[in-house]
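Engineer: Data file my_file30.pdb (PDB, C-alpha atoms and all ligand atoms) is appended below.
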ATOM      1  CA  MET D  12      75.481  68.971 107.219
ATOM      2  CA  THR D  13      77.053  72.455 107.213
ATOM      3  CA  ALA D  14      74.643  75.173 106.095
ATOM      4  CA  PRO D  15      75.841  76.805 102.845
ATOM      5  CA  ILE D  16      77.535  80.189 102.906
ATOM      6  CA  GLU D  17      75.328  82.799 101.214
ATOM      7  CA  LEU D  18      77.282  84.640  98.541
ATOM      8  CA  HIS D  19      75.737  87.925  97.423
ATOM      9  CA  TYR D  20      77.060  88.005  93.935
ATOM     10  CA  TRP D  21      77.125  89.205  90.364
ATOM     11  CA  PRO D  22      79.398  87.522  87.822
ATOM     12  CA  THR D  23      82.244  90.075  87.610
ATOM     13  CA  PRO D  24      85.978  89.820  88.474
ATOM     14  CA  ASN D  25      85.436  90.749  92.130
ATOM     15  CA  GLY D  26      82.650  88.178  92.384
ATOM     16  CA  TRP D  27      84.735  85.456  90.685
ATOM     17  CA  LYS D  28      87.434  85.821  93.349
ATOM     18  CA  ILE D  29      84.988  84.402  95.867
ATOM     19  CA  THR D  30      83.359  81.687  93.755
ATOM     20  CA  ILE D  31      86.878  80.502  92.863
ATOM     21  CA  ALA D  32      87.889  80.468  96.553
ATOM     22  CA  LEU D  33      84.726  78.633  97.651
ATOM     23  CA  GLU D  34      85.232  76.045  94.905
ATOM     24  CA  GLU D  35      88.921  75.611  95.772
ATOM     25  CA  MET D  36      88.162  75.249  99.473
ATOM     26  CA  GLY D  37      85.241  72.878  98.965
ATOM     27  CA  LEU D  38      82.909  75.044 101.063
ATOM     28  CA  PRO D  39      79.204  74.696 100.227
ATOM     29  CA  TYR D  40      77.641  77.972  99.047
ATOM     30  CA  ALA D  41      74.458  79.415  97.616
ATOM     31  CA  LEU D  42      74.487  82.330  95.185
ATOM     32  CA  LYS D  43      72.166  85.276  95.863
ATOM     33  CA  ALA D  44      72.018  87.505  92.799
ATOM     34  CA  VAL D  45      72.677  91.232  93.260
ATOM     35  CA  ASN D  46      71.951  92.750  89.848
ATOM     36  CA  ILE D  47      74.192  95.812  90.090
ATOM     37  CA  GLY D  48      72.988  97.184  86.732
ATOM     38  CA  ALA D  49      69.425  97.218  88.070
ATOM     39  CA  GLY D  50      70.413  98.892  91.359
ATOM     40  CA  GLU D  51      69.880  95.885  93.655
ATOM     41  CA  GLN D  52      73.038  96.863  95.598
ATOM     42  CA  PHE D  53      70.959  99.696  97.117
ATOM     43  CA  ARG D  54      68.350  97.405  98.669
ATOM     44  CA  PRO D  55      68.280  97.988 102.451
ATOM     45  CA  GLU D  56      68.803  94.283 103.196
ATOM     46  CA  PHE D  57      71.962  94.253 101.064
ATOM     47  CA  LEU D  58      73.269  97.546 102.484
ATOM     48  CA  ALA D  59      72.869  96.043 105.961
ATOM     49  CA  ILE D  60      75.628  93.553 105.126
ATOM     50  CA  SER D  61      77.545  95.645 102.569
ATOM     51  CA  PRO D  62      77.378  99.353 103.484
ATOM     52  CA  ASN D  63      79.621 100.280 100.525
ATOM     53  CA  ASN D  64      76.883  99.139  98.079
ATOM     54  CA  ARG D  65      79.293  96.805  96.347
ATOM     55  CA  MET D  66      79.218  93.058  95.908
ATOM     56  CA  PRO D  67      80.611  90.512  96.803
ATOM     57  CA  ALA D  68      79.457  89.990 100.371
ATOM     58  CA  ILE D  69      78.897  86.783 102.293
ATOM     59  CA  VAL D  70      76.766  85.602 105.171
ATOM     60  CA  ASP D  71      78.149  82.530 106.915
ATOM     61  CA  PRO D  72      75.407  81.006 109.088
ATOM     62  CA  ASP D  73      78.124  79.092 110.919
ATOM     63  CA  GLY D  74      80.445  81.972 111.809
ATOM     64  CA  PRO D  75      82.673  82.450 114.865
ATOM     65  CA  GLY D  76      81.166  80.796 117.950
ATOM     66  CA  GLY D  77      78.603  79.053 115.728
ATOM     67  CA  GLU D  78      76.801  82.404 115.198
ATOM     68  CA  PRO D  79      76.120  83.952 111.769
ATOM     69  CA  VAL D  80      78.610  86.494 110.457
ATOM     70  CA  SER D  81      78.570  88.741 107.387
ATOM     71  CA  VAL D  82      81.667  90.008 105.563
ATOM     72  CA  PHE D  83      82.025  92.542 102.728
ATOM     73  CA  GLU D  84      85.151  93.496 100.686
ATOM     74  CA  SER D  85      86.525  90.654  98.591
ATOM     75  CA  GLY D  86      89.964  90.693 100.274
ATOM     76  CA  ALA D  87      88.455  90.381 103.742
ATOM     77  CA  ILE D  88      86.155  87.613 102.494
ATOM     78  CA  LEU D  89      89.121  85.686 101.050
ATOM     79  CA  GLN D  90      91.018  86.005 104.341
ATOM     80  CA  TYR D  91      87.963  84.873 106.308
ATOM     81  CA  LEU D  92      87.329  81.841 104.080
ATOM     82  CA  ALA D  93      91.020  80.862 104.101
ATOM     83  CA  ARG D  94      91.118  81.036 107.915
ATOM     84  CA  LYS D  95      87.846  79.125 108.164
ATOM     85  CA  SER D  96      88.991  76.337 105.844
ATOM     86  CA  GLY D  97      92.640  76.395 106.940
ATOM     87  CA  GLN D  98      93.759  76.486 103.297
ATOM     88  CA  PHE D  99      95.616  78.735 100.823
ATOM     89  CA  TYR D 100      96.884  81.228 103.431
ATOM     90  CA  GLY D 101     100.234  79.704 104.468
ATOM     91  CA  GLU D 102     101.000  78.049 107.762
ATOM     92  CA  THR D 103     103.744  80.168 109.284
ATOM     93  CA  GLU D 104     103.801  83.905 109.938
ATOM     94  CA  ARG D 105     106.448  84.279 107.202
ATOM     95  CA  GLU D 106     104.183  82.502 104.687
ATOM     96  CA  ARG D 107     101.148  84.576 105.713
ATOM     97  CA  VAL D 108     103.095  87.815 105.234
ATOM     98  CA  GLU D 109     103.914  86.699 101.683
ATOM     99  CA  VAL D 110     100.252  85.968 100.955
ATOM    100  CA  GLU D 111      99.019  89.204 102.522
ATOM    101  CA  GLN D 112     101.367  91.535 100.685
ATOM    102  CA  TRP D 113     100.260  90.152  97.316
ATOM    103  CA  LEU D 114      96.614  90.061  98.351
ATOM    104  CA  PHE D 115      96.738  93.736  99.369
ATOM    105  CA  TRP D 116      98.728  94.578  96.245
ATOM    106  CA  GLN D 117      95.791  93.230  94.241
ATOM    107  CA  MET D 118      93.161  94.923  96.394
ATOM    108  CA  GLY D 119      94.823  98.360  96.407
ATOM    109  CA  GLY D 120      96.601  98.254  93.037
ATOM    110  CA  LEU D 121      95.744  95.799  90.283
ATOM    111  CA  GLY D 122      91.960  95.724  90.964
ATOM    112  CA  PRO D 123      91.278  99.476  91.193
ATOM    113  CA  MET D 124      93.711 100.449  88.411
ATOM    114  CA  ALA D 125      92.435  97.755  86.046
ATOM    115  CA  GLY D 126      88.881  98.852  86.915
ATOM    116  CA  GLN D 127      89.717 102.417  85.853
ATOM    117  CA  ALA D 128      91.384 101.146  82.666
ATOM    118  CA  HIS D 129      88.150  99.301  81.831
ATOM    119  CA  HIS D 130      86.205 102.444  82.628
ATOM    120  CA  PHE D 131      88.175 104.851  80.450
ATOM    121  CA  ARG D 132      88.691 102.396  77.598
ATOM    122  CA  GLY D 133      85.284 100.653  77.544
ATOM    123  CA  TYR D 134      82.506 102.414  79.424
ATOM    124  CA  ALA D 135      83.369 106.127  79.384
ATOM    125  CA  PRO D 136      83.280 106.481  75.565
ATOM    126  CA  LYS D 137      79.621 105.410  75.729
ATOM    127  CA  ILE D 138      78.868 108.209  78.189
ATOM    128  CA  GLU D 139      81.136 111.122  77.216
ATOM    129  CA  PRO D 140      80.716 112.142  73.550
ATOM    130  CA  ASP D 141      83.917 114.249  73.525
ATOM    131  CA  LEU D 142      86.536 111.493  73.368
ATOM    132  CA  THR D 143      89.442 113.946  73.738
ATOM    133  CA  LYS D 144      88.345 114.410  77.358
ATOM    134  CA  LEU D 145      89.027 110.707  77.991
ATOM    135  CA  GLU D 146      92.535 110.522  76.593
ATOM    136  CA  TYR D 147      94.422 111.433  79.764
ATOM    137  CA  GLY D 148      92.543 108.918  81.927
ATOM    138  CA  LYS D 149      92.811 106.238  79.278
ATOM    139  CA  THR D 150      96.600 106.633  78.964
ATOM    140  CA  ARG D 151      97.120 107.014  82.692
ATOM    141  CA  TYR D 152      95.339 103.775  83.673
ATOM    142  CA  THR D 153      96.523 101.754  80.676
ATOM    143  CA  ASN D 154     100.116 102.639  81.636
ATOM    144  CA  GLU D 155      99.492 101.854  85.278
ATOM    145  CA  VAL D 156      98.085  98.404  84.433
ATOM    146  CA  ASN D 157     101.109  97.850  82.199
ATOM    147  CA  ARG D 158     103.389  98.716  85.122
ATOM    148  CA  LEU D 159     101.474  96.334  87.418
ATOM    149  CA  TYR D 160     101.663  93.516  84.845
ATOM    150  CA  GLY D 161     105.434  94.160  84.876
ATOM    151  CA  VAL D 162     105.511  93.793  88.674
ATOM    152  CA  MET D 163     103.779  90.406  88.357
ATOM    153  CA  GLU D 164     106.080  89.403  85.524
ATOM    154  CA  ARG D 165     109.192  89.937  87.677
ATOM    155  CA  ARG D 166     107.609  88.252  90.690
ATOM    156  CA  LEU D 167     106.635  85.171  88.678
ATOM    157  CA  ALA D 168     110.008  84.804  86.952
ATOM    158  CA  ASP D 169     111.266  82.351  89.584
ATOM    159  CA  ARG D 170     108.103  80.948  91.201
ATOM    160  CA  ASP D 171     104.839  79.369  90.094
ATOM    161  CA  PHE D 172     102.473  81.506  92.200
ATOM    162  CA  LEU D 173     102.528  84.993  93.695
ATOM    163  CA  ALA D 174     103.255  83.989  97.290
ATOM    164  CA  GLY D 175     105.206  80.827  96.418
ATOM    165  CA  PRO D 176     102.509  78.158  96.943
ATOM    166  CA  TYR D 177      99.078  78.723  95.340
ATOM    167  CA  SER D 178      97.081  81.037  97.621
ATOM    168  CA  ILE D 179      94.223  83.508  97.973
ATOM    169  CA  ALA D 180      96.561  86.124  96.426
ATOM    170  CA  ASP D 181      96.396  84.216  93.120
ATOM    171  CA  MET D 182      92.610  83.831  93.469
ATOM    172  CA  ALA D 183      92.308  87.617  93.895
ATOM    173  CA  SER D 184      94.580  88.502  90.981
ATOM    174  CA  TRP D 185      93.659  85.969  88.322
ATOM    175  CA  PRO D 186      90.136  87.295  87.555
ATOM    176  CA  TRP D 187      91.605  90.771  86.932
ATOM    177  CA  ILE D 188      94.007  89.727  84.177
ATOM    178  CA  LEU D 189      91.783  90.727  81.263
ATOM    179  CA  PRO D 190      94.340  92.070  78.790
ATOM    180  CA  GLU D 191      91.940  92.908  75.961
ATOM    181  CA  GLY D 192      89.868  95.354  77.960
ATOM    182  CA  GLN D 193      92.980  96.815  79.600
ATOM    183  CA  GLY D 194      94.996  97.615  76.456
ATOM    184  CA  GLN D 195      97.654  94.949  77.144
ATOM    185  CA  THR D 196      99.021  91.850  75.463
ATOM    186  CA  LEU D 197     100.160  88.887  77.519
ATOM    187  CA  ASP D 198     102.843  88.058  74.934
ATOM    188  CA  ASP D 199     104.806  90.982  76.419
ATOM    189  CA  PHE D 200     104.751  89.192  79.806
ATOM    190  CA  PRO D 201     105.667  85.500  79.328
ATOM    191  CA  HIS D 202     105.870  84.569  83.034
ATOM    192  CA  LEU D 203     102.534  86.259  83.730
ATOM    193  CA  LYS D 204     101.073  84.504  80.682
ATOM    194  CA  ALA D 205     102.280  81.102  81.950
ATOM    195  CA  TRP D 206     100.880  81.806  85.453
ATOM    196  CA  HIS D 207      97.562  82.898  83.928
ATOM    197  CA  ALA D 208      97.315  79.577  82.071
ATOM    198  CA  ARG D 209      98.504  77.579  85.125
ATOM    199  CA  VAL D 210      95.820  79.076  87.386
ATOM    200  CA  GLY D 211      93.173  79.031  84.644
ATOM    201  CA  GLU D 212      93.507  75.307  84.074
ATOM    202  CA  ARG D 213      92.560  74.459  87.670
ATOM    203  CA  PRO D 214      89.067  72.841  87.629
ATOM    204  CA  ALA D 215      87.942  74.850  90.687
ATOM    205  CA  VAL D 216      88.948  78.090  88.953
ATOM    206  CA  GLN D 217      86.950  77.097  85.902
ATOM    207  CA  ARG D 218      83.906  76.274  88.034
ATOM    208  CA  GLY D 219      84.236  79.538  89.968
ATOM    209  CA  ARG D 220      84.624  81.574  86.782
ATOM    210  CA  ALA D 221      81.467  79.988  85.329
ATOM    211  CA  ALA D 222      79.343  80.325  88.485
ATOM    212  CA  GLY D 223      76.144  82.286  87.902
ATOM    213  CA  LYS D 224      77.055  83.211  84.341
ATOM    214  CA  GLU D 225      73.414  82.819  83.351
ATOM    215  CA  MET D 226      72.542  85.800  85.604
ATOM    216  CA  ARG D 227      74.041  88.255  83.185
ATOM    217  CA  VAL D 228      72.265  88.846  79.903
ATOM    218  CA  GLN D 229      74.384  90.695  77.362
ATOM    219  CA  LEU D 230      72.517  93.884  76.432
ATOM    220  CA  ALA D 231      73.181  96.100  73.432
ATOM    221  CA  ASP D 232      74.792  99.428  74.358
ATOM    222  CA  ASP D 233      71.942 101.604  73.126
ATOM    223  CA  THR D 234      69.084  99.891  75.004
ATOM    224  CA  GLU D 235      67.196 101.834  77.697
ATOM    225  CA  GLU D 236      68.168  99.164  80.229
ATOM    226  CA  MET D 237      71.867  99.633  79.470
ATOM    227  CA  LYS D 238      71.589 103.437  79.712
ATOM    228  CA  LYS D 239      69.869 103.046  83.073
ATOM    229  CA  ALA D 240      72.599 100.652  84.241
ATOM    230  CA  ARG D 241      75.297 103.185  83.279
ATOM    231  CA  ASP D 242      73.477 105.905  85.253
ATOM    232  CA  ILE D 243      73.226 103.627  88.279
ATOM    233  CA  LEU D 244      76.843 102.469  88.158
ATOM    234  CA  PHE D 245      78.660 105.618  87.063
ATOM    235  CA  GLY D 246      76.550 108.473  88.421
ATOM    236  CA  GLN D 247      76.884 107.713  92.125
ATOM    237  CA  ARG D 248      77.433 110.313  94.843
ATOM    238  CA  ALA D 249      76.997 110.133  98.629
ATOM    239  CA  ARG D 250      73.613 108.699  99.539
ATOM    240  CA  PRO D 251      71.317 111.038 101.526
TER     241      PRO D 251
HETATM  242  N1  LIG Q 301      86.746  96.720  96.870
HETATM  243  C1  LIG Q 301      85.536  95.997  96.574
HETATM  244  C2  LIG Q 301      85.105  96.320  95.167
HETATM  245  C3  LIG Q 301      83.852  95.579  94.784
HETATM  246  C4  LIG Q 301      83.237  96.174  93.524
HETATM  247  O1  LIG Q 301      83.709  97.158  92.941
HETATM  248  N2  LIG Q 301      82.116  95.567  93.108
HETATM  249  C5  LIG Q 301      81.382  96.086  91.971
HETATM  250  C6  LIG Q 301      81.237  95.051  90.893
HETATM  251  S1  LIG Q 301      82.795  94.397  90.357
HETATM  252  C7  LIG Q 301      80.000  96.498  92.428
HETATM  253  O2  LIG Q 301      79.388  95.838  93.248
HETATM  254  N3  LIG Q 301      79.492  97.613  91.896
HETATM  255  C8  LIG Q 301      78.214  98.120  92.272
HETATM  256  C9  LIG Q 301      78.169  99.614  92.198
HETATM  257  O3  LIG Q 301      79.114 100.221  91.669
HETATM  258  O4  LIG Q 301      77.196 100.194  92.693
HETATM  259  C10 LIG Q 301      85.782  94.495  96.748
HETATM  260  O5  LIG Q 301      86.876  94.069  96.380
HETATM  261  O6  LIG Q 301      84.898  93.784  97.239
END
Go ahead and render the structure in this file as structure tokens.
Ligand SMILES: N[C@@H](CCC(=O)N[C@@H](CS)C(=O)NCC(=O)O)C(=O)O

Structural biologist:
Amino acid sequence: MTAPIELHYWPTPNGWKITIALEEMGLPYALKAVNIGAGEQFRPEFLAISPNNRMPAIVDPDGPGGEPVSVFESGAILQYLARKSGQFYGETERERVEVEQWLFWQMGGLGPMAGQAHHFRGYAPKIEPDLTKLEYGKTRYTNEVNRLYGVMERRLADRDFLAGPYSIADMASWPWILPEGQGQTLDDFPHLKAWHARVGERPAVQRGRAAGKEMRVQLADDTEEMKKARDILFGQRARP
């Protein structure tokens, strides 16, 4: 039997990309919790496989040449798993180019911009008491996410999935469509809305989205633990 792929994970959109992919591809995996609010991403053994102190990261005991391999960065992990399983990455060079442009669009655009929208709209007001200081960032990233939703809307007007057939580009993008926290409404984007439902009804997507949900306990904003988590996540500078 194939040894399971270790997935170093916390249930967030970037983590769900990989649980969704592993479920879709039928690859056995074992979750290893990295509680990012408690600072577990700074443990030396995690930094050895993920030097950017971010999850997700994987260790495949059965990597190239039958030797273990570790991979960090969700886009690189999706490419690795798609190559390993021979699924969801297209078969011809033309098909792969389609997948890659939308995968990188998510990695460099939708993910980071949506992350900043969440930050300025949701987290920053709990840290910065002077809300006027947040207005520019809030407007800037809310508008940028709106623009990116518009890009998806046009792309999905005449096809079911971002690259044509369902692919790792959809697996990367779907977890990041969280309109409530991003100041958007999907009713303004009917093709995107239909795609979101189409992907969301896949059983593997539902299993991936639910994976490890028990890891995360919802804490009230004013608890000491939550304040500590905000310091850990939003006060980072270069490590000595
Ligand atoms: N570009 C990275 C981003 C990963 C990322 O931002 N992960 C967050 C959780 S969604 C994290 O691990 N944060 C820990 C920290 O900020 O220290 C990827 O796609 O893998």

Engineer: Could you name the residues that touch Asp171 of chain D at 12 Å or less, counting all atoms listed in the file, but leaving out those on the same chain fewer than 6 positions away, as number ranges by chain?

Structural biologist: D: 163-165, 177-178, 181, 202-210

Engineer: How would you report the residues lying within 9 Å of ligand LIG 301 (chain Q), as a tab-separated table (two decimals) with C-alpha atoms, keeping the file's coordinate frame, if you count all atoms listed in the file?

Structural biologist:
chain	number	residue	atom	x	y	z
D	20	TYR	CA	77.06	88.00	93.94
D	21	TRP	CA	77.12	89.20	90.36
D	22	PRO	CA	79.40	87.52	87.82
D	23	THR	CA	82.24	90.08	87.61
D	24	PRO	CA	85.98	89.82	88.47
D	25	ASN	CA	85.44	90.75	92.13
D	26	GLY	CA	82.65	88.18	92.38
D	28	LYS	CA	87.43	85.82	93.35
D	45	VAL	CA	72.68	91.23	93.26
D	46	ASN	CA	71.95	92.75	89.85
D	47	ILE	CA	74.19	95.81	90.09
D	48	GLY	CA	72.99	97.18	86.73
D	50	GLY	CA	70.41	98.89	91.36
D	51	GLU	CA	69.88	95.88	93.66
D	52	GLN	CA	73.04	96.86	95.60
D	53	PHE	CA	70.96	99.70	97.12
D	63	ASN	CA	79.62	100.28	100.52
D	64	ASN	CA	76.88	99.14	98.08
D	65	ARG	CA	79.29	96.80	96.35
D	66	MET	CA	79.22	93.06	95.91
D	67	PRO	CA	80.61	90.51	96.80
D	68	ALA	CA	79.46	89.99	100.37
D	83	PHE	CA	82.02	92.54	102.73
D	84	GLU	CA	85.15	93.50	100.69
D	85	SER	CA	86.52	90.65	98.59
D	86	GLY	CA	89.96	90.69	100.27
D	87	ALA	CA	88.46	90.38	103.74
D	88	ILE	CA	86.16	87.61	102.49
D	118	MET	CA	93.16	94.92	96.39
D	119	GLY	CA	94.82	98.36	96.41
D	122	GLY	CA	91.96	95.72	90.96
D	123	PRO	CA	91.28	99.48	91.19
D	126	GLY	CA	88.88	98.85	86.92
D	183	ALA	CA	92.31	87.62	93.90
D	243	ILE	CA	73.23	103.63	88.28
D	244	LEU	CA	76.84	102.47	88.16
D	245	PHE	CA	78.66	105.62	87.06
D	247	GLN	CA	76.88	107.71	92.12

Engineer: Please measure the separation of atom CA of Glu212 of chain D and atom CA of Leu114 of chain D, giving the value in Å to one decimal.

Structural biologist: 20.8 Å

Engineer: So which residues fall inside 6 Å of (90.6, 82.8, 95.0) if we count only C-alpha atoms? Mind giving them as an mmCIF file with C-alpha atoms, keeping the file's coordinate frame?

Structural biologist:
data_model
loop_
_atom_site.group_PDB
_atom_site.id
_atom_site.type_symbol
_atom_site.label_atom_id
_atom_site.label_comp_id
_atom_site.auth_asym_id
_atom_site.auth_seq_id
_atom_site.Cartn_x
_atom_site.Cartn_y
_atom_site.Cartn_z
ATOM 1 C CA LYS D 28 87.434 85.821 93.349
ATOM 2 C CA ILE D 29 84.988 84.402 95.867
ATOM 3 C CA ILE D 31 86.878 80.502 92.863
ATOM 4 C CA ALA D 32 87.889 80.468 96.553
ATOM 5 C CA ILE D 179 94.223 83.508 97.973
ATOM 6 C CA MET D 182 92.610 83.831 93.469
ATOM 7 C CA ALA D 183 92.308 87.617 93.895
#

Engineer: Which one is closest to Arg151 of chain D: D:Ser61, D:Thr30, D:Gln112, D:Gln193? Count all atoms listed in the file.

Structural biologist: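 Ranked by minimum distance to Arg151 of chain D, first place goes to D:Gln193.
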
Engineer: I need the residue nearest Glu78 of chain D from this list: D:Gly97, D:Ala14, D:Trp113, D:Pro214. Use only C-alpha atoms for the distance.

Structural biologist: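 For Glu78 of chain D, the nearest of the candidates is D:Ala14.
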
Engineer: Between atom CA of Arg94 of chain D and atom CA of Leu33 of chain D, what is the spacing in Å?

Structural biologist: 12.3 Å

Engineer: So how many Å separate atom CA of Glu34 of chain D and atom CA of Val162 of chain D, to one decimal?

Structural biologist: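 For atom CA of Glu34 of chain D relative to atom CA of Val162 of chain D, the distance reads 27.7 Å.
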
Engineer: I want to know what sits within 12 Å of Thr150 of chain D, based on all atoms listed in the file, with residues of the same chain fewer than 4 positions away left out; could you give that as a PyMOL selection string?

Structural biologist: chain D and resi 124+127-132+143-146+154-157+193-195

Engineer: Rank D:Gly120, D:Trp27, D:Gln229, D:Tyr160 by their smallest atom-to-atom distance to Gln217 of chain D, using all atoms listed in the file, and report the top residue only.

Structural biologist: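 Comparing D:Gly120, D:Trp27, D:Gln229, D:Tyr160 against Gln217 of chain D, the winner is D:Trp27.
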
Engineer: Which centre and which edge lengths, in Å to one decimal, describe the axis-aligned box that holds all listed atoms of segment 142-145 of chain D after 3 Å is added on each side, as JSON?

Structural biologist:
{"center_x": 88.0, "center_y": 112.6, "center_z": 75.7, "size_x": 8.9, "size_y": 9.7, "size_z": 10.6}

Engineer: Can you tell me, as JSON, numbers by chain, what residues are no more than 12 Å from Gly246 of chain D when counting all atoms listed in the file, ignoring any on the same chain fewer than 6 positions away?

Structural biologist: {"D": [48, 50, 135, 138, 238, 239, 240]}

Engineer: If we count all atoms listed in the file, what is near Ala41 of chain D at a cut-off of 8 Å, once residues fewer than 5 positions away on the same chain are taken out, given as a compact mmCIF listing (two decimals) with C-alpha atoms, keeping the file's coordinate frame?

Structural biologist:
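The resulting part-v6.txt:
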# COMPACT_ATOMS: atom_id res chain seq x y z
CA PRO D 15 75.84 76.81 102.84
CA ILE D 16 77.54 80.19 102.91
CA GLU D 17 75.33 82.80 101.21
CA LEU D 18 77.28 84.64 98.54

Engineer: Check the smallest atom-to-atom distance from each of D:Ala174, D:Ala249, D:Val216, D:Leu159 to Phe200 of chain D using only C-alpha atoms, then report the winner.

Structural biologist: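 Checking each of D:Ala174, D:Ala249, D:Val216, D:Leu159 against Phe200 of chain D, counting only C-alpha atoms, the winner is D:Leu159.
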
Engineer: Any chance you could model all heavy atoms for segment 84-91 of chain D and send them as a short mmCIF file (atom, residue, chain, number, x, y, z; two decimals), keeping the file's coordinate frame?

Structural biologist:
data_model
loop_
_atom_site.label_atom_id
_atom_site.label_comp_id
_atom_site.auth_asym_id
_atom_site.auth_seq_id
_atom_site.Cartn_x
_atom_site.Cartn_y
_atom_site.Cartn_z
N GLU D 84 83.79 93.27 101.21
CA GLU D 84 85.15 93.50 100.69
C GLU D 84 85.79 92.14 100.34
O GLU D 84 86.05 91.31 101.23
CB GLU D 84 86.07 94.27 101.63
CG GLU D 84 85.91 95.78 101.55
CD GLU D 84 86.29 96.37 100.18
OE1 GLU D 84 87.27 95.91 99.57
OE2 GLU D 84 85.60 97.28 99.72
N SER D 85 86.07 91.97 99.05
CA SER D 85 86.52 90.65 98.59
C SER D 85 87.81 90.19 99.29
O SER D 85 87.96 89.00 99.57
CB SER D 85 86.70 90.64 97.06
OG SER D 85 87.62 91.63 96.66
N GLY D 86 88.72 91.11 99.60
CA GLY D 86 89.96 90.69 100.27
C GLY D 86 89.69 90.15 101.67
O GLY D 86 90.25 89.14 102.09
N ALA D 87 88.81 90.83 102.39
CA ALA D 87 88.46 90.38 103.74
C ALA D 87 87.71 89.05 103.68
O ALA D 87 87.88 88.19 104.55
CB ALA D 87 87.61 91.44 104.44
N ILE D 88 86.89 88.88 102.65
CA ILE D 88 86.16 87.61 102.49
C ILE D 88 87.15 86.48 102.22
O ILE D 88 87.05 85.39 102.83
CB ILE D 88 85.12 87.71 101.35
CG1 ILE D 88 84.08 88.80 101.65
CG2 ILE D 88 84.43 86.36 101.13
CD1 ILE D 88 83.15 89.13 100.47
N LEU D 89 88.12 86.73 101.35
CA LEU D 89 89.12 85.69 101.05
C LEU D 89 89.90 85.31 102.31
O LEU D 89 90.13 84.13 102.57
CB LEU D 89 90.10 86.18 99.97
CG LEU D 89 89.54 86.28 98.55
CD1 LEU D 89 90.56 86.94 97.62
CD2 LEU D 89 89.13 84.92 98.01
N GLN D 90 90.28 86.31 103.10
CA GLN D 90 91.02 86.00 104.34
C GLN D 90 90.15 85.18 105.29
O GLN D 90 90.59 84.22 105.90
CB GLN D 90 91.46 87.30 105.03
CG GLN D 90 92.59 88.01 104.30
CD GLN D 90 92.97 89.31 104.99
OE1 GLN D 90 92.12 90.18 105.20
NE2 GLN D 90 94.22 89.45 105.35
N TYR D 91 88.88 85.59 105.41
CA TYR D 91 87.96 84.87 106.31
C TYR D 91 87.81 83.41 105.87
O TYR D 91 87.92 82.48 106.69
CB TYR D 91 86.60 85.58 106.34
CG TYR D 91 85.56 84.78 107.11
CD1 TYR D 91 85.59 84.75 108.50
CD2 TYR D 91 84.60 84.02 106.45
CE1 TYR D 91 84.68 83.98 109.22
CE2 TYR D 91 83.69 83.25 107.16
CZ TYR D 91 83.72 83.24 108.54
OH TYR D 91 82.83 82.46 109.24
#
